[in-house]
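Here the structure comes first, spelled out in structure tokens, and everything after it is commentary.
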Amino acid sequence: MFVVETFLSMLFVKCKTRGEQLAVVVGMLILIAACFGVGKFLLGMGEAGAETFVEMSASDGHNHSDFQRGSGEVAIYGYAGAALCAVLGIIFAIMASINLVRLITGTGLADPDQGWS
């Protein structure tokens with residue numbers, strides 16, 4: 001439950017100035033682009049590992065079990081990393097959207113008297 005509460009409080013963080021809101025939006029856009037690039041790379045790595053795994057399975061004759069196992073691991077890690085990048089990209093997109101709406105509507109600034117509690 002603590003993790004969910006922390007996640008929600010991060011989504012609805014209040015900035016002190018409009019400049020901070022703009023910085024959050026721009027920062028989230030940069031993080032979304034980074035997640036897209038890394039996720040695309042990891043997806044390609046997973047596909048290459050899966051293709052190699054299938055080719056080694058279809059090959060006749062030689063025992064390629066170690067290489068095949070390594071290719072399978074690369075495929076699994078590539079796909080898992082791409083999925084993680086997708087989840088993080090969605091979270092960053094939600095945060096950017098919320099803060100962009102707040103920036104446009106002029107809401108969401110923290111009270112100067114309100115501290116960390």
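Chain labels follow the order of the structure tokens: the first chain is A, the next B, and so on; residue numbering restarts at 1 in every chain, and ligands are counted from 1 in their shown order.
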Show which residues sit within 12 Å of Thr105 (chain A), as a short mmCIF file (atom, residue, chain, number, x, y, z; two decimals) with C-alpha atoms, in the first residue's frame. Count only C-alpha atoms, and ignore same-chain residues fewer than 6 positions away.
```cif
data_model
loop_
_atom_site.label_atom_id
_atom_site.label_comp_id
_atom_site.auth_asym_id
_atom_site.auth_seq_id
_atom_site.Cartn_x
_atom_site.Cartn_y
_atom_site.Cartn_z
CA ARG A 18 5.15 27.89 -13.30
CA GLN A 21 5.86 22.98 -13.95
CA ILE A 98 -1.13 16.11 -15.60
CA ASN A 99 1.49 18.84 -15.27
#
```
Which polymer residues have any atom within 9 Å of an atom of Gly78 (chain A), counting only C-alpha atoms, with same-chain residues fewer than 5 positions away left out, as a compact mmCIF listing (two decimals) with all heavy atoms, in the first residue's frame?
```txt
# COMPACT_ATOMS: atom_id res chain seq x y z
N GLY A 39 13.75 1.29 -25.25
CA GLY A 39 12.79 0.20 -25.45
C GLY A 39 12.86 -0.37 -26.86
O GLY A 39 12.78 -1.58 -27.05
N PHE A 41 15.52 -0.38 -28.79
CA PHE A 41 16.76 -1.15 -28.85
C PHE A 41 16.58 -2.52 -28.19
O PHE A 41 16.98 -3.55 -28.73
CB PHE A 41 17.90 -0.39 -28.17
CG PHE A 41 19.13 -1.22 -27.97
CD1 PHE A 41 19.98 -1.46 -29.03
CD2 PHE A 41 19.43 -1.76 -26.73
CE1 PHE A 41 21.12 -2.24 -28.87
CE2 PHE A 41 20.56 -2.53 -26.56
CZ PHE A 41 21.41 -2.77 -27.62
N LEU A 42 15.97 -2.54 -26.98
CA LEU A 42 15.79 -3.80 -26.27
C LEU A 42 14.82 -4.73 -26.99
O LEU A 42 15.00 -5.95 -26.97
CB LEU A 42 15.31 -3.52 -24.85
CG LEU A 42 16.34 -2.89 -23.92
CD1 LEU A 42 15.70 -2.51 -22.59
CD2 LEU A 42 17.52 -3.81 -23.71
N LEU A 43 13.81 -4.16 -27.64
CA LEU A 43 12.89 -4.98 -28.41
C LEU A 43 13.62 -5.63 -29.59
O LEU A 43 13.43 -6.82 -29.87
CB LEU A 43 11.72 -4.13 -28.91
CG LEU A 43 10.60 -4.87 -29.62
CD1 LEU A 43 9.96 -5.89 -28.69
CD2 LEU A 43 9.56 -3.89 -30.11
N GLY A 44 14.48 -4.88 -30.26
CA GLY A 44 15.29 -5.45 -31.34
C GLY A 44 16.23 -6.52 -30.84
O GLY A 44 16.43 -7.56 -31.50
N MET A 45 16.81 -6.30 -29.66
CA MET A 45 17.70 -7.30 -29.08
C MET A 45 16.93 -8.57 -28.75
O MET A 45 17.40 -9.69 -28.98
CB MET A 45 18.36 -6.73 -27.82
CG MET A 45 19.41 -7.63 -27.22
SD MET A 45 20.22 -6.91 -25.79
CE MET A 45 18.95 -7.12 -24.55
N GLY A 46 15.73 -8.41 -28.20
CA GLY A 46 14.90 -9.58 -27.89
C GLY A 46 14.50 -10.35 -29.13
O GLY A 46 14.51 -11.58 -29.15
N GLU A 47 14.15 -9.62 -30.19
CA GLU A 47 13.79 -10.28 -31.44
C GLU A 47 14.97 -11.02 -32.05
O GLU A 47 14.82 -12.13 -32.57
CB GLU A 47 13.23 -9.26 -32.43
CG GLU A 47 11.86 -8.75 -32.06
CD GLU A 47 11.37 -7.64 -32.98
OE1 GLU A 47 12.14 -7.19 -33.85
OE2 GLU A 47 10.22 -7.22 -32.80
N GLY A 49 17.53 -12.25 -30.38
CA GLY A 49 17.77 -13.42 -29.54
C GLY A 49 16.78 -14.53 -29.82
O GLY A 49 17.14 -15.71 -29.89
N GLU A 73 18.05 -16.50 -23.22
CA GLU A 73 18.15 -15.52 -22.14
C GLU A 73 18.17 -14.10 -22.68
O GLU A 73 17.53 -13.21 -22.12
CB GLU A 73 19.39 -15.78 -21.30
CG GLU A 73 19.30 -17.02 -20.44
CD GLU A 73 20.58 -17.33 -19.69
OE1 GLU A 73 21.57 -16.57 -19.86
OE2 GLU A 73 20.60 -18.33 -18.96
N ALA A 83 9.40 -4.18 -22.08
CA ALA A 83 8.14 -4.02 -21.33
C ALA A 83 8.31 -3.02 -20.19
O ALA A 83 7.42 -2.19 -19.95
CB ALA A 83 7.69 -5.37 -20.78
```
query = What is the CA of Phe53 (chain A) to CA of Gln68 (chain A) distance in Å?
reply =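 Atom-to-atom, CA of Phe53 (chain A) to CA of Gln68 (chain A), that is 5.3 Å.
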query = Could you pull the residues within 12 Å of Ala93 (chain A), counting only C-alpha atoms, minus those fewer than 6 positions along the same chain, as number ranges by chain?
reply = A: 11, 24-33, 35-36, 85-87, 99-100
inquiry  = Need to verify the contact set: Leu109 (chain A), 10 Å, only C-alpha atoms, exclusion of same-chain residues closer than 6 positions in sequence. Can you return it as a list of chain:residue names?
reply    = A:Val13, A:Lys14, A:Cys15, A:Lys16, A:Thr17, A:Arg18, A:Glu20, A:Gln21, A:Arg102, A:Leu103
Now that the selection is made, can you save its residues with all heavy atoms as an mmCIF file, in the first residue's frame?
```
data_model
loop_
_atom_site.group_PDB
_atom_site.id
_atom_site.type_symbol
_atom_site.label_atom_id
_atom_site.label_comp_id
_atom_site.auth_asym_id
_atom_site.auth_seq_id
_atom_site.Cartn_x
_atom_site.Cartn_y
_atom_site.Cartn_z
ATOM 1 N N VAL A 13 2.337 15.679 -7.557
ATOM 2 C CA VAL A 13 3.236 16.596 -6.874
ATOM 3 C C VAL A 13 2.901 18.028 -7.287
ATOM 4 O O VAL A 13 2.522 18.292 -8.420
ATOM 5 C CB VAL A 13 4.710 16.249 -7.180
ATOM 6 C CG1 VAL A 13 5.046 16.505 -8.627
ATOM 7 C CG2 VAL A 13 5.648 17.017 -6.285
ATOM 8 N N LYS A 14 3.029 18.933 -6.349
ATOM 9 C CA LYS A 14 2.723 20.337 -6.640
ATOM 10 C C LYS A 14 4.020 21.121 -6.736
ATOM 11 O O LYS A 14 4.877 21.036 -5.880
ATOM 12 C CB LYS A 14 1.831 20.921 -5.549
ATOM 13 C CG LYS A 14 0.451 20.316 -5.554
ATOM 14 C CD LYS A 14 -0.480 21.069 -4.658
ATOM 15 C CE LYS A 14 -1.881 20.512 -4.810
ATOM 16 N NZ LYS A 14 -2.855 21.355 -4.185
ATOM 17 N N CYS A 15 4.135 21.882 -7.795
ATOM 18 C CA CYS A 15 5.314 22.713 -8.017
ATOM 19 C C CYS A 15 5.103 24.073 -7.360
ATOM 20 O O CYS A 15 3.980 24.510 -7.139
ATOM 21 C CB CYS A 15 5.547 22.876 -9.513
ATOM 22 S SG CYS A 15 5.849 21.323 -10.354
ATOM 23 N N LYS A 16 6.211 24.761 -7.085
ATOM 24 C CA LYS A 16 6.121 26.077 -6.446
ATOM 25 C C LYS A 16 5.905 27.193 -7.457
ATOM 26 O O LYS A 16 5.295 28.195 -7.140
ATOM 27 C CB LYS A 16 7.390 26.347 -5.639
ATOM 28 C CG LYS A 16 7.536 25.426 -4.448
ATOM 29 C CD LYS A 16 8.797 25.737 -3.679
ATOM 30 C CE LYS A 16 8.935 24.760 -2.533
ATOM 31 N NZ LYS A 16 10.153 24.948 -1.777
ATOM 32 N N THR A 17 6.431 27.025 -8.667
ATOM 33 C CA THR A 17 6.306 28.077 -9.681
ATOM 34 C C THR A 17 5.892 27.465 -11.019
ATOM 35 O O THR A 17 5.963 26.251 -11.217
ATOM 36 C CB THR A 17 7.648 28.817 -9.874
ATOM 37 O OG1 THR A 17 8.603 27.898 -10.406
ATOM 38 C CG2 THR A 17 8.152 29.421 -8.580
ATOM 39 N N ARG A 18 5.493 28.342 -11.945
ATOM 40 C CA ARG A 18 5.146 27.888 -13.300
ATOM 41 C C ARG A 18 6.389 27.369 -14.028
ATOM 42 O O ARG A 18 6.300 26.467 -14.837
ATOM 43 C CB ARG A 18 4.522 29.034 -14.107
ATOM 44 C CG ARG A 18 3.248 29.537 -13.520
ATOM 45 C CD ARG A 18 2.124 28.576 -13.795
ATOM 46 N NE ARG A 18 0.975 28.987 -12.998
ATOM 47 C CZ ARG A 18 0.224 28.164 -12.306
ATOM 48 N NH1 ARG A 18 0.474 26.877 -12.314
ATOM 49 N NH2 ARG A 18 -0.788 28.596 -11.611
ATOM 50 N N GLU A 20 8.806 25.661 -12.688
ATOM 51 C CA GLU A 20 9.003 24.276 -12.265
ATOM 52 C C GLU A 20 8.045 23.346 -13.000
ATOM 53 O O GLU A 20 8.422 22.240 -13.388
ATOM 54 C CB GLU A 20 8.787 24.143 -10.759
ATOM 55 C CG GLU A 20 9.912 24.681 -9.924
ATOM 56 C CD GLU A 20 9.666 24.498 -8.441
ATOM 57 O OE1 GLU A 20 8.701 23.789 -8.055
ATOM 58 O OE2 GLU A 20 10.435 25.055 -7.650
ATOM 59 N N GLN A 21 6.801 23.807 -13.198
ATOM 60 C CA GLN A 21 5.855 22.984 -13.948
ATOM 61 C C GLN A 21 6.329 22.771 -15.381
ATOM 62 O O GLN A 21 6.247 21.656 -15.904
ATOM 63 C CB GLN A 21 4.467 23.632 -13.959
ATOM 64 C CG GLN A 21 3.701 23.448 -12.676
ATOM 65 C CD GLN A 21 2.318 24.066 -12.738
ATOM 66 O OE1 GLN A 21 2.107 25.051 -13.440
ATOM 67 N NE2 GLN A 21 1.388 23.494 -12.000
ATOM 68 N N ARG A 102 -2.110 21.279 -15.720
ATOM 69 C CA ARG A 102 -1.968 22.239 -14.624
ATOM 70 C C ARG A 102 -1.312 23.534 -15.096
ATOM 71 O O ARG A 102 -1.688 24.614 -14.667
ATOM 72 C CB ARG A 102 -1.136 21.637 -13.499
ATOM 73 C CG ARG A 102 -1.855 20.611 -12.694
ATOM 74 C CD ARG A 102 -0.936 20.092 -11.630
ATOM 75 N NE ARG A 102 -1.635 19.236 -10.707
ATOM 76 C CZ ARG A 102 -1.044 18.600 -9.719
ATOM 77 N NH1 ARG A 102 0.259 18.725 -9.537
ATOM 78 N NH2 ARG A 102 -1.745 17.830 -8.913
ATOM 79 N N LEU A 103 -0.307 23.413 -15.973
ATOM 80 C CA LEU A 103 0.374 24.589 -16.485
ATOM 81 C C LEU A 103 -0.567 25.438 -17.329
ATOM 82 O O LEU A 103 -0.616 26.667 -17.194
ATOM 83 C CB LEU A 103 1.597 24.175 -17.315
ATOM 84 C CG LEU A 103 2.428 25.299 -17.917
ATOM 85 C CD1 LEU A 103 3.096 26.106 -16.810
ATOM 86 C CD2 LEU A 103 3.476 24.731 -18.861
#
```
ask   = How would you write, as a ChimeraX atom specification, the set of residues in chain A that DSSP gives as helix (DSSP H, G or I)?
value = /A:2-11,18-58,65-105
